[in-house]
$ cat upload_3.txt   # compact mmCIF, C-alpha atoms
# COMPACT_ATOMS: atom_id res chain seq x y z
CA MET A 1 0.00 0.00 0.00
CA PRO A 2 1.45 3.42 -0.93
CA ASP A 3 1.96 5.79 2.00
CA GLN A 4 0.35 8.82 0.31
CA ILE A 5 -2.86 9.42 -1.61
CA LYS A 6 -3.78 12.40 -3.75
CA LEU A 7 -7.00 14.27 -2.95
CA ARG A 8 -8.48 16.47 -5.70
CA VAL A 9 -10.61 18.88 -3.71
CA ALA A 10 -13.11 21.30 -5.27
CA ARG A 11 -12.44 24.90 -4.29
CA TYR A 12 -14.81 27.79 -4.70
CA ARG A 13 -13.72 31.11 -3.26
CA PRO A 14 -16.33 33.59 -4.48
CA GLU A 15 -14.05 36.58 -3.85
CA VAL A 16 -11.41 35.25 -6.28
CA GLU A 17 -13.16 32.94 -8.78
CA ASP A 18 -16.56 32.75 -10.45
CA LYS A 19 -16.75 28.95 -10.66
CA PRO A 20 -15.28 25.99 -8.77
CA THR A 21 -11.77 24.72 -9.53
CA PHE A 22 -9.73 21.85 -8.10
CA ASN A 23 -6.70 21.86 -5.81
CA GLU A 24 -4.58 18.74 -5.35
CA TYR A 25 -3.14 17.68 -2.02
CA ASP A 26 -1.08 14.62 -1.03
CA VAL A 27 -2.13 13.25 2.34
CA PRO A 28 -0.94 10.21 4.32
CA LEU A 29 -2.76 7.01 3.36
CA ARG A 30 -3.51 5.32 6.66
CA LYS A 31 -5.70 2.29 7.19
CA ASP A 32 -7.88 4.01 9.78
CA TRP A 33 -8.19 7.39 8.05
CA SER A 34 -11.50 8.50 6.65
CA VAL A 35 -11.71 11.09 3.88
CA LEU A 36 -12.59 13.57 6.63
CA ASP A 37 -9.27 12.78 8.36
CA GLY A 38 -7.56 13.54 5.04
CA LEU A 39 -9.34 16.92 4.81
CA ASN A 40 -8.47 17.70 8.45
CA HIS A 41 -4.83 16.95 7.63
CA ILE A 42 -5.00 19.42 4.73
CA LYS A 43 -6.64 22.04 6.94
CA ASP A 44 -4.11 21.58 9.78
CA GLU A 45 -0.90 21.03 7.82
CA LEU A 46 -1.20 22.06 4.19
CA ASP A 47 -3.85 24.70 3.48
CA GLY A 48 -5.82 26.38 6.25
CA THR A 49 -8.12 28.14 3.80
CA LEU A 50 -10.07 24.97 2.90
CA SER A 51 -13.71 25.12 4.10
CA TYR A 52 -15.96 22.15 4.86
CA ARG A 53 -18.47 21.13 7.52
CA TRP A 54 -17.97 18.41 10.08
CA SER A 55 -18.71 17.73 13.72
CA CYS A 56 -19.16 14.30 15.29
CA ARG A 57 -16.86 12.09 13.16
CA MET A 58 -19.12 9.09 13.81
CA GLY A 59 -21.96 9.23 11.29
CA ILE A 60 -24.47 10.80 13.68
CA CYS A 61 -24.51 14.55 13.09
CA GLY A 62 -24.95 14.46 9.30
CA SER A 63 -22.70 17.51 8.75
CA CYS A 64 -19.92 16.09 6.57
CA GLY A 65 -21.86 15.05 3.47
CA ALA A 66 -19.92 15.58 0.24
CA SER A 67 -19.44 13.99 -3.13
CA VAL A 68 -16.58 11.46 -3.24
CA ASN A 69 -15.68 10.32 -6.75
CA GLY A 70 -19.12 11.48 -7.88
CA ARG A 71 -21.10 9.65 -5.18
CA PRO A 72 -22.76 11.35 -2.15
CA LYS A 73 -21.04 10.12 1.02
CA LEU A 74 -20.50 10.98 4.66
CA LEU A 75 -16.82 11.93 4.71
CA CYS A 76 -16.38 10.44 8.19
CA ALA A 77 -17.72 7.05 7.09
CA THR A 78 -15.76 6.83 3.83
CA PHE A 79 -12.23 5.47 4.08
CA LEU A 80 -9.26 6.55 2.01
CA THR A 81 -8.00 2.97 1.61
CA ASP A 82 -11.15 2.12 -0.35
CA TYR A 83 -10.01 4.61 -3.00
CA ALA A 84 -6.31 3.67 -3.12
CA PRO A 85 -4.20 4.34 -5.10
CA GLY A 86 -6.29 7.45 -5.82
CA PRO A 87 -6.66 10.20 -6.74
CA VAL A 88 -9.89 10.85 -4.81
CA ARG A 89 -12.18 13.56 -6.15
CA ILE A 90 -14.00 15.45 -3.39
CA GLU A 91 -16.72 17.94 -4.34
CA PRO A 92 -19.65 19.61 -2.59
CA LEU A 93 -22.93 17.70 -2.52
CA ALA A 94 -24.57 17.91 -5.94
CA ASN A 95 -27.89 19.76 -6.42
CA PHE A 96 -27.18 22.50 -3.86
CA PRO A 97 -25.87 26.05 -4.30
CA ILE A 98 -22.25 26.30 -3.14
CA ILE A 99 -21.30 28.88 -0.51
CA ARG A 100 -17.57 28.12 -0.39
CA ASP A 101 -15.40 25.08 -1.22
CA LEU A 102 -17.36 22.06 0.12
CA VAL A 103 -19.96 24.08 2.04
CA VAL A 104 -23.44 24.09 0.51
CA GLU A 105 -26.53 26.20 1.17
CA LEU A 106 -29.34 24.28 2.92
CA THR A 107 -32.00 26.91 3.66
CA ASP A 108 -34.33 25.38 1.05
CA PHE A 109 -34.36 22.10 2.97
CA MET A 110 -34.91 23.85 6.30
CA HIS A 111 -38.11 25.46 4.91
CA LYS A 112 -39.31 22.12 3.56
CA LEU A 113 -38.52 20.33 6.80
CA SER A 114 -40.64 22.72 8.88
CA ALA A 115 -43.40 22.64 6.24
CA VAL A 116 -44.00 18.89 6.79
CA LYS A 117 -44.37 19.48 10.56
CA PRO A 118 -41.93 16.85 11.83
CA TRP A 119 -43.19 16.68 15.38
CA LEU A 120 -45.99 14.90 17.24
CA ILE A 121 -49.32 16.64 16.64
CA ARG A 122 -52.21 15.91 19.01
CA GLU A 123 -55.76 17.09 18.62
CA GLU A 124 -55.93 17.22 22.40
CA GLU A 125 -52.90 16.84 24.63
CA GLN A 126 -53.52 14.39 27.43
CA SER A 127 -52.51 15.69 30.84
CA VAL A 128 -49.32 14.53 32.53
CA ASP A 129 -51.45 12.91 35.26
CA GLU A 130 -52.86 10.53 32.68
CA GLY A 131 -49.39 9.16 32.04
CA GLU A 132 -47.34 8.51 28.94
CA TYR A 133 -48.64 7.80 25.46
CA LEU A 134 -48.03 4.06 25.45
CA GLN A 135 -46.80 2.29 22.36
CA THR A 136 -46.26 -1.38 21.56
CA PRO A 137 -42.97 -2.63 20.00
CA GLU A 138 -44.94 -3.28 16.78
CA GLU A 139 -46.17 0.33 16.70
CA LEU A 140 -42.60 1.52 17.24
CA ALA A 141 -41.37 -0.72 14.41
CA ASP A 142 -43.86 0.97 12.02
CA TYR A 143 -41.91 4.24 12.00
CA LYS A 144 -38.52 3.54 13.64
CA GLN A 145 -36.69 3.13 10.33
CA PHE A 146 -37.76 6.62 9.22
CA SER A 147 -36.68 8.12 12.54
CA MET A 148 -33.06 7.25 11.80
CA CYS A 149 -32.68 10.18 9.36
CA ILE A 150 -29.80 12.52 10.31
CA ASN A 151 -30.61 15.25 7.73
CA CYS A 152 -27.27 14.71 5.99
CA MET A 153 -28.72 15.64 2.58
CA LEU A 154 -27.10 12.72 0.76
CA CYS A 155 -30.55 11.72 -0.53
CA TYR A 156 -31.22 15.18 -2.02
CA SER A 157 -27.81 15.09 -3.64
CA ALA A 158 -28.55 11.68 -5.17
CA CYS A 159 -32.04 12.67 -6.39
CA PRO A 160 -32.12 13.78 -10.04
CA VAL A 161 -35.69 15.05 -9.62
CA TYR A 162 -34.56 17.52 -6.95
CA GLY A 163 -31.59 18.46 -9.15
CA LEU A 164 -33.94 19.34 -12.01
CA ASP A 165 -36.71 20.91 -9.94
CA THR A 166 -35.90 22.24 -6.47
CA LYS A 167 -39.60 22.78 -5.74
CA PHE A 168 -39.80 19.04 -5.02
CA VAL A 169 -40.27 18.56 -1.25
CA GLY A 170 -37.69 15.79 -1.47
CA PRO A 171 -36.76 12.47 0.10
CA ALA A 172 -35.69 13.30 3.68
CA ALA A 173 -38.55 15.73 4.38
CA ILE A 174 -41.14 13.22 3.13
CA ALA A 175 -39.51 10.34 5.03
CA LEU A 176 -39.61 12.48 8.20
CA ALA A 177 -43.26 13.33 7.57
CA GLN A 178 -43.92 9.59 7.34
CA ARG A 179 -41.95 9.05 10.54
CA TYR A 180 -44.68 11.05 12.33
CA ASN A 181 -47.63 9.94 10.18
CA LEU A 182 -46.91 6.32 11.10
CA ASP A 183 -46.42 7.06 14.80
CA SER A 184 -49.40 5.75 16.78
CA ARG A 185 -49.18 8.81 19.11
CA ASP A 186 -49.53 11.31 16.25
CA GLU A 187 -52.78 12.79 14.92
CA GLY A 188 -51.36 15.23 12.37
CA ALA A 189 -51.52 13.17 9.17
CA GLY A 190 -54.34 15.36 7.83
CA GLU A 191 -52.27 18.53 8.26
CA ARG A 192 -49.28 16.99 6.46
CA LEU A 193 -51.47 15.73 3.62
CA THR A 194 -51.80 19.29 2.27
CA ILE A 195 -48.08 19.63 1.63
CA LEU A 196 -47.34 16.02 0.69
CA ASN A 197 -50.29 15.50 -1.68
CA GLN A 198 -49.40 18.38 -4.00
CA PRO A 199 -47.57 18.01 -7.35
CA GLU A 200 -44.29 19.07 -5.71
CA GLY A 201 -44.93 16.61 -2.88
CA VAL A 202 -44.84 12.87 -3.35
CA TRP A 203 -46.12 13.09 -6.94
CA ASP A 204 -42.93 14.68 -8.24
CA CYS A 205 -41.04 11.52 -7.26
CA THR A 206 -40.49 9.15 -10.18
CA PHE A 207 -38.99 6.41 -7.99
CA VAL A 208 -35.41 6.54 -9.21
CA GLY A 209 -34.58 4.92 -5.86
CA GLU A 210 -31.13 6.48 -5.67
CA CYS A 211 -32.01 8.30 -2.40
CA SER A 212 -32.39 4.98 -0.61
CA ARG A 213 -29.11 3.68 -2.03
CA ALA A 214 -27.29 6.84 -0.91
CA CYS A 215 -28.78 6.89 2.62
CA PRO A 216 -26.09 6.02 5.20
CA LYS A 217 -28.70 5.13 7.84
CA GLY A 218 -30.94 2.70 5.92
CA VAL A 219 -33.96 5.02 6.07
CA ASP A 220 -35.31 4.11 2.60
CA PRO A 221 -36.93 7.46 1.74
CA ALA A 222 -37.97 6.09 -1.68
CA GLY A 223 -40.03 3.44 0.09
CA ALA A 224 -41.58 6.09 2.36
CA ILE A 225 -42.59 8.18 -0.64
CA GLN A 226 -44.12 5.29 -2.60
CA ARG A 227 -46.11 4.17 0.45
CA TYR A 228 -47.33 7.69 0.99
CA LYS A 229 -48.52 7.83 -2.63
CA VAL A 230 -50.91 4.99 -1.78
CA THR A 231 -52.07 6.88 1.35
CA ALA A 232 -52.52 10.16 -0.56
CA ALA A 233 -54.35 8.50 -3.46
CA THR A 234 -56.69 6.73 -1.02
CA ALA A 235 -57.38 10.03 0.81
CA SER A 236 -58.09 11.83 -2.47
CA LEU A 237 -60.42 9.06 -3.62
CA LYS A 238 -62.26 9.10 -0.31
CA SER A 239 -62.72 12.86 -0.43
CA LEU A 240 -64.09 12.51 -3.97
CA LEU A 241 -66.48 9.67 -3.23
CA LEU A 242 -67.38 10.55 0.35
CA PRO A 243 -67.11 14.36 0.57
CA TRP A 244 -69.47 14.42 3.54
CA GLY A 245 -67.25 11.98 5.49
CA GLN A 246 -64.19 14.23 5.35
CA GLN A 247 -63.12 16.77 7.92
CA MET B 1 -27.05 38.73 3.35
CA THR B 2 -27.75 39.95 -0.20
CA ASP B 3 -24.04 39.79 -0.95
CA PHE B 4 -23.84 36.23 0.33
CA LEU B 5 -26.76 35.10 -1.86
CA ALA B 6 -25.35 36.86 -4.92
CA ARG B 7 -22.06 34.99 -4.55
CA LEU B 8 -23.58 31.50 -4.35
CA TYR B 9 -22.44 29.22 -7.14
CA LYS B 10 -25.42 27.35 -8.60
CA PRO B 11 -24.35 24.23 -10.52
CA LYS B 12 -26.44 23.24 -13.56
CA VAL B 13 -27.60 19.67 -14.10
CA PRO B 14 -25.99 18.46 -17.36
CA LEU B 15 -28.31 17.31 -20.16
CA LEU B 16 -26.81 13.82 -20.06
CA TRP B 17 -27.06 13.45 -16.25
CA TRP B 18 -28.74 10.10 -16.72
CA LEU B 19 -25.59 8.62 -18.23
CA SER B 20 -23.49 9.51 -15.17
CA LYS B 21 -24.52 6.45 -13.14
CA PRO B 22 -25.75 2.99 -14.23
CA SER B 23 -28.69 3.28 -11.80
CA TYR B 24 -29.79 6.58 -13.43
CA THR B 25 -29.58 4.99 -16.88
CA ALA B 26 -31.59 1.99 -15.67
CA PHE B 27 -34.23 4.40 -14.34
CA VAL B 28 -34.49 6.38 -17.58
CA LEU B 29 -34.80 3.13 -19.56
CA ARG B 30 -37.58 2.08 -17.19
CA GLU B 31 -39.39 5.37 -17.86
CA LEU B 32 -38.85 4.91 -21.60
CA SER B 33 -40.25 1.38 -21.40
CA SER B 34 -43.69 2.89 -20.66
CA LEU B 35 -43.89 3.96 -24.31
CA PHE B 36 -43.47 0.35 -25.42
CA VAL B 37 -46.03 -0.81 -22.86
CA ALA B 38 -48.45 1.74 -24.37
CA TRP B 39 -47.64 0.43 -27.88
CA PHE B 40 -48.43 -3.16 -26.78
CA VAL B 41 -51.75 -2.02 -25.34
CA ALA B 42 -52.60 -0.27 -28.63
CA TYR B 43 -51.41 -3.28 -30.68
CA LEU B 44 -53.53 -5.71 -28.66
CA LEU B 45 -56.57 -3.44 -28.99
CA LEU B 46 -56.05 -3.35 -32.77
CA LEU B 47 -55.79 -7.15 -32.74
CA ALA B 48 -59.03 -7.41 -30.77
CA LEU B 49 -60.76 -5.04 -33.22
CA ALA B 50 -59.47 -7.07 -36.17
CA VAL B 51 -60.72 -10.33 -34.64
CA GLY B 52 -64.11 -8.69 -34.03
CA ALA B 53 -64.31 -7.50 -37.64
CA GLY B 54 -64.21 -11.00 -39.13
CA GLU B 55 -61.76 -13.41 -40.70
CA ALA B 56 -60.71 -11.23 -43.65
CA GLU B 57 -59.77 -8.36 -41.36
CA TYR B 58 -57.94 -10.74 -39.01
CA ARG B 59 -55.92 -12.14 -41.97
CA ARG B 60 -55.08 -8.60 -43.04
CA PHE B 61 -53.89 -7.81 -39.50
CA LEU B 62 -51.69 -10.93 -39.51
CA ASP B 63 -50.18 -9.96 -42.90
CA LEU B 64 -49.50 -6.49 -41.59
CA SER B 65 -47.88 -7.95 -38.47
CA ALA B 66 -45.53 -10.01 -40.65
CA ASN B 67 -43.99 -6.79 -41.93
CA PRO B 68 -40.26 -6.88 -40.92
CA PHE B 69 -40.46 -3.38 -39.46
CA LEU B 70 -43.41 -4.36 -37.25
CA ILE B 71 -41.68 -7.59 -36.21
CA ALA B 72 -38.56 -5.63 -35.21
CA LEU B 73 -40.69 -3.10 -33.31
CA ASN B 74 -42.52 -5.87 -31.46
CA VAL B 75 -39.29 -7.68 -30.57
CA VAL B 76 -37.84 -4.46 -29.11
CA SER B 77 -41.17 -3.71 -27.40
CA PHE B 78 -41.25 -7.19 -25.89
CA ALA B 79 -37.76 -6.69 -24.42
CA PHE B 80 -38.78 -3.34 -22.94
CA VAL B 81 -42.07 -4.69 -21.58
CA LEU B 82 -40.17 -7.54 -19.88
CA TYR B 83 -37.73 -4.99 -18.43
CA HIS B 84 -40.66 -2.86 -17.27
CA ALA B 85 -42.36 -5.82 -15.59
CA VAL B 86 -39.21 -7.14 -13.89
CA THR B 87 -38.12 -3.75 -12.53
CA PHE B 88 -41.71 -3.00 -11.45
CA ILE B 89 -41.95 -6.30 -9.55
CA ASN B 90 -38.52 -5.89 -7.96
CA LEU B 91 -39.50 -2.44 -6.63
CA THR B 92 -42.84 -3.61 -5.22
CA PRO B 93 -41.65 -4.46 -1.66
CA GLN B 94 -40.39 -0.90 -1.28
CA ALA B 95 -43.76 0.55 -2.24
CA MET B 96 -46.11 -1.93 -0.54
CA VAL B 97 -46.36 -3.12 3.01
CA VAL B 98 -48.30 -6.40 3.11
CA ARG B 99 -49.25 -7.85 6.48
CA LEU B 100 -50.31 -11.41 7.20
CA ARG B 101 -51.70 -12.10 10.69
CA GLY B 102 -50.30 -8.78 11.85
CA ARG B 103 -46.78 -9.52 10.64
CA ARG B 104 -45.10 -7.78 7.75
CA VAL B 105 -44.39 -10.10 4.81
CA PRO B 106 -40.62 -9.95 4.06
CA GLY B 107 -39.73 -8.16 0.80
CA PRO B 108 -38.10 -11.15 -0.97
CA LEU B 109 -41.14 -13.33 -0.19
CA LEU B 110 -43.47 -10.67 -1.63
CA THR B 111 -41.36 -10.42 -4.81
CA ALA B 112 -41.19 -14.21 -5.14
CA SER B 113 -44.97 -14.52 -4.77
CA ILE B 114 -45.54 -12.04 -7.62
CA TYR B 115 -43.14 -13.97 -9.87
CA VAL B 116 -44.95 -17.22 -9.03
CA ALA B 117 -48.32 -15.57 -9.81
CA TRP B 118 -46.88 -14.29 -13.11
CA LEU B 119 -45.66 -17.82 -13.96
CA VAL B 120 -49.05 -19.38 -13.11
CA VAL B 121 -50.98 -16.84 -15.23
CA SER B 122 -48.51 -17.24 -18.12
CA ALA B 123 -48.78 -21.05 -17.93
CA PHE B 124 -52.59 -20.79 -17.95
CA LEU B 125 -52.54 -18.49 -21.01
CA ALA B 126 -50.05 -20.79 -22.77
CA TRP B 127 -52.37 -23.73 -22.03
CA LEU B 128 -55.33 -21.79 -23.46
CA VAL B 129 -53.43 -20.99 -26.68
CA VAL B 130 -51.47 -24.22 -27.24
CA GLY B 131 -53.43 -26.84 -25.29

$ encode --input "upload_3.txt" --output "C-alpha cells"
Amino acid sequence: MPDQIKLRVARYRPEVEDKPTFNEYDVPLRKDWSVLDGLNHIKDELDGTLSYRWSCRMGICGSCGASVNGRPKLLCATFLTDYAPGPVRIEPLANFPIIRDLVVELTDFMHKLSAVKPWLIREEEQSVDEGEYLQTPEELADYKQFSMCINCMLCYSACPVYGLDTKFVGPAAIALAQRYNLDSRDEGAGERLTILNQPEGVWDCTFVGECSRACPKGVDPAGAIQRYKVTAATASLKSLLLPWGQQ
Amino acid sequence: MTDFLARLYKPKVPLLWWLSKPSYTAFVLRELSSLFVAWFVAYLLLLALAVGAGEAEYRRFLDLSANPFLIALNVVSFAFVLYHAVTFINLTPQAMVVRLRGRRVPGPLLTASIYVAWLVVSAFLAWLVVG
C-alpha cells in the first residue's frame, strides 16, 4: 500500500473565482483514516483556507456530506484505503448552491422540513397525570426506520428530480413526515397531507430509488414516498367519493 | 445577506445526467419502457378489433404484423415490456407493506410470490393458446 494518496478537492472562493476549480493535495494514506481525516490533515498542515463542515466524526450529526468520486457520502464514514491508489475527487454535494469550497446552502431544505411538521401533533394533549402515550414494539417498528434520518442531505444530492426541480419537497422531508404519520401517538396526518399531496410533494417523485441507495442510515426514503402515494391517493379518492365523510 | 446570496455558485444539471450512473440509466430506460407498454396495449386493442371485424380483417392484420419493421418493433417492445415488468416487480416491496396475521411479509417473499403468480398466469394463457 502506498503511503500517500492524492485528494483532488473542489475549491470555490467567491471573492477570487466565479466557478469551482480543483486543488490537489497529497495526504498520508492510513488504514484508519477517513476522507474527513484527510481533509483535516489538509486544513491543519497544508492549506488552512479549505472550508468544509464536520462535527461528530461518527456518522451521527450528518454535517460532513460531500461527493466522493461522484457519489454522495459521509466523509467520516468513507475510508481513504477504499479509494487507493487514488486520486480521490471530493466535491460539494450535488444539487445545492455552493457557498464556499465544500460548504453548501441548505436553507431550502430547512423550509421544507418545517413545512412537513416533523413533530408529534395531538388534537388534544392528554394531561401529565394521565401518564405517557403508550406504544407497543410493533407500533414503534412501524416508524422507527424513518426516525433514523440525520438530515445529511445525501438523498437530495442523489435525487435527479430535486436536481432538475428544487420545488420538489424531497426524500428526507417526506420520510420524516412519514416518521410522524406512522407514529401511533400522532394525529397530524391530515395537516401533512396538504403539503405532501401536491404536485411538488410525493407526486414529483419518479422512484429513481437512488435516495435509498445513498442513505447512510438505511432510512429508505424512496419506500416512504411510494407508500405515501398509496395513502394520498386513497385520501383523495375518499374525499371525492365521500365528501361528507371528510373533515 | 444579499451579498452572500449573490455569490452563491449554482451548478447546472448536465443534459446527459442520466448517463453519469448505471442506476440513473436503468431508471431512464424504465421510464422509456412505458412507451413500449403503451404500444403493446394499442397493438392488442387493434388485434381485438381485427378479430371482431371477421376473418378477412384478421388475416389482413396478420399480414401487416408479418412486416419486418413491425416484427422488429414488437421484438424491441417485448424486451422493454419484460424490463418494465421485472423492474416493477422488484420495486414492489419498497412501495407496498403487506401484512399477514399482523406480521409484515418480508420483501423477498413478496417479490417471489408475484413472480410465481406471473408464472401461473402465463402457464394458464399458454395452455389456453397451445393446449

$ atom_distance --input "upload_3.txt" --atom1 "atom CA of A:Ile121" --atom2 "atom CA of A:Glu187"
5.5 Å

$ interface_residues --input "upload_3.txt" --of "chain B" --to "chain A" --cutoff "12 Å" --atoms "all atoms listed in the file" --output "mmCIF file with C-alpha atoms, in the frame of the given file"
data_model
loop_
_atom_site.group_PDB
_atom_site.id
_atom_site.type_symbol
_atom_site.label_atom_id
_atom_site.label_comp_id
_atom_site.auth_asym_id
_atom_site.auth_seq_id
_atom_site.Cartn_x
_atom_site.Cartn_y
_atom_site.Cartn_z
ATOM 1 C CA ASP B 3 -24.040 39.790 -0.950
ATOM 2 C CA PHE B 4 -23.840 36.230 0.330
ATOM 3 C CA LEU B 5 -26.760 35.100 -1.860
ATOM 4 C CA ALA B 6 -25.350 36.860 -4.920
ATOM 5 C CA ARG B 7 -22.060 34.990 -4.550
ATOM 6 C CA LEU B 8 -23.580 31.500 -4.350
ATOM 7 C CA TYR B 9 -22.440 29.220 -7.140
ATOM 8 C CA LYS B 10 -25.420 27.350 -8.600
ATOM 9 C CA PRO B 11 -24.350 24.230 -10.520
ATOM 10 C CA LYS B 12 -26.440 23.240 -13.560
ATOM 11 C CA VAL B 13 -27.600 19.670 -14.100
ATOM 12 C CA PRO B 14 -25.990 18.460 -17.360
ATOM 13 C CA LEU B 15 -28.310 17.310 -20.160
ATOM 14 C CA LEU B 16 -26.810 13.820 -20.060
ATOM 15 C CA TRP B 17 -27.060 13.450 -16.250
ATOM 16 C CA TRP B 18 -28.740 10.100 -16.720
ATOM 17 C CA LEU B 19 -25.590 8.620 -18.230
ATOM 18 C CA SER B 20 -23.490 9.510 -15.170
ATOM 19 C CA LYS B 21 -24.520 6.450 -13.140
ATOM 20 C CA PRO B 22 -25.750 2.990 -14.230
ATOM 21 C CA SER B 23 -28.690 3.280 -11.800
ATOM 22 C CA TYR B 24 -29.790 6.580 -13.430
ATOM 23 C CA THR B 25 -29.580 4.990 -16.880
ATOM 24 C CA ALA B 26 -31.590 1.990 -15.670
ATOM 25 C CA PHE B 27 -34.230 4.400 -14.340
ATOM 26 C CA VAL B 28 -34.490 6.380 -17.580
ATOM 27 C CA LEU B 29 -34.800 3.130 -19.560
ATOM 28 C CA ARG B 30 -37.580 2.080 -17.190
ATOM 29 C CA GLU B 31 -39.390 5.370 -17.860
ATOM 30 C CA THR B 87 -38.120 -3.750 -12.530
ATOM 31 C CA PHE B 88 -41.710 -3.000 -11.450
ATOM 32 C CA ASN B 90 -38.520 -5.890 -7.960
ATOM 33 C CA LEU B 91 -39.500 -2.440 -6.630
ATOM 34 C CA THR B 92 -42.840 -3.610 -5.220
ATOM 35 C CA PRO B 93 -41.650 -4.460 -1.660
ATOM 36 C CA GLN B 94 -40.390 -0.900 -1.280
ATOM 37 C CA ALA B 95 -43.760 0.550 -2.240
ATOM 38 C CA MET B 96 -46.110 -1.930 -0.540
ATOM 39 C CA VAL B 97 -46.360 -3.120 3.010
ATOM 40 C CA VAL B 98 -48.300 -6.400 3.110
ATOM 41 C CA ARG B 99 -49.250 -7.850 6.480
ATOM 42 C CA GLY B 102 -50.300 -8.780 11.850
ATOM 43 C CA ARG B 103 -46.780 -9.520 10.640
ATOM 44 C CA ARG B 104 -45.100 -7.780 7.750
ATOM 45 C CA GLY B 107 -39.730 -8.160 0.800
#

$ residues_around --input "upload_3.txt" --residues "stretch 49-57 of chain A" --least-positions-apart "6" --cutoff "6 Å" --atoms "all atoms listed in the file" --output "list in words"
Ser63, Cys64, Cys76, Asp101, Leu102 and Val103 of chain A

$ atom_distance --input "upload_3.txt" --atom1 "atom CA of A:Arg89" --atom2 "atom CA of A:Tyr25"
10.8 Å

$ closest_residue --input "upload_3.txt" --among "A:Glu191, A:Leu75, A:Arg11, A:Ala177" --to "A:Asp37" --atoms "only C-alpha atoms"
A:Leu75

$ closest_residue --input "upload_3.txt" --among "B:Val130, B:Ala56, B:Ser33, B:Tyr43" --to "B:Leu70" --atoms "only C-alpha atoms"
B:Tyr43

$ residues_around --input "upload_3.txt" --residues "A:Val68" --least-positions-apart "5" --cutoff "9 Å" --atoms "all atoms listed in the file" --output "ChimeraX atom specification"
/A:35,73-75,78,88-93

$ residues_around --input "upload_3.txt" --residues "B:Trp118" --least-positions-apart "4" --cutoff "12 Å" --atoms "only C-alpha atoms" --output "list in words"
Leu82, Ala85, Val86, Ile89, Thr111, Ala112, Ser113, Ile114, Ser122, Ala123, Phe124 and Leu125 of chain B

$ residues_around --input "upload_3.txt" --residues "A:Arg30" --least-positions-apart "3" --cutoff "8 Å" --atoms "all atoms listed in the file" --output "ChimeraX atom specification"
/A:3,33,80-81

$ closest_residue --input "upload_3.txt" --among "A:Met110, A:Leu120, A:Met1, A:Ala214" --to "A:Tyr83" --atoms "only C-alpha atoms"
A:Met1

$ atom_distance --input "upload_3.txt" --atom1 "atom CA of A:Gly48" --atom2 "atom CA of A:Ile150"
28.0 Å

$ residues_around --input "upload_3.txt" --residues "A:Glu24" --least-positions-apart "6" --cutoff "7 Å" --atoms "all atoms listed in the file" --output "PyMOL selection string"
chain A and resi 6-9

$ decode --input "upload_3.txt" --residues "stretch 117-128 of chain B" --atoms "N, CA and C atoms" --output "short mmCIF file (atom, residue, chain, number, x, y, z; two decimals), in the first residue's frame"
data_model
loop_
_atom_site.label_atom_id
_atom_site.label_comp_id
_atom_site.auth_asym_id
_atom_site.auth_seq_id
_atom_site.Cartn_x
_atom_site.Cartn_y
_atom_site.Cartn_z
N ALA B 117 -47.01 -15.89 -9.24
CA ALA B 117 -48.32 -15.57 -9.81
C ALA B 117 -48.20 -15.31 -11.31
N TRP B 118 -47.13 -14.60 -11.69
CA TRP B 118 -46.88 -14.29 -13.11
C TRP B 118 -46.70 -15.60 -13.90
N LEU B 119 -45.93 -16.53 -13.31
CA LEU B 119 -45.66 -17.82 -13.96
C LEU B 119 -46.96 -18.60 -14.13
N VAL B 120 -47.80 -18.62 -13.08
CA VAL B 120 -49.05 -19.38 -13.11
C VAL B 120 -49.98 -18.80 -14.19
N VAL B 121 -50.11 -17.48 -14.23
CA VAL B 121 -50.98 -16.84 -15.23
C VAL B 121 -50.45 -17.10 -16.64
N SER B 122 -49.11 -17.00 -16.80
CA SER B 122 -48.51 -17.24 -18.12
C SER B 122 -48.74 -18.68 -18.56
N ALA B 123 -48.57 -19.63 -17.60
CA ALA B 123 -48.78 -21.05 -17.93
C ALA B 123 -50.23 -21.29 -18.34
N PHE B 124 -51.16 -20.63 -17.64
CA PHE B 124 -52.59 -20.79 -17.95
C PHE B 124 -52.89 -20.25 -19.36
N LEU B 125 -52.33 -19.09 -19.67
CA LEU B 125 -52.54 -18.49 -21.01
C LEU B 125 -51.91 -19.37 -22.08
N ALA B 126 -50.71 -19.92 -21.81
CA ALA B 126 -50.05 -20.79 -22.77
C ALA B 126 -50.91 -22.04 -23.00
N TRP B 127 -51.50 -22.55 -21.91
CA TRP B 127 -52.37 -23.73 -22.03
C TRP B 127 -53.61 -23.40 -22.87
N LEU B 128 -54.16 -22.21 -22.68
CA LEU B 128 -55.33 -21.79 -23.46
C LEU B 128 -55.01 -21.74 -24.94
#
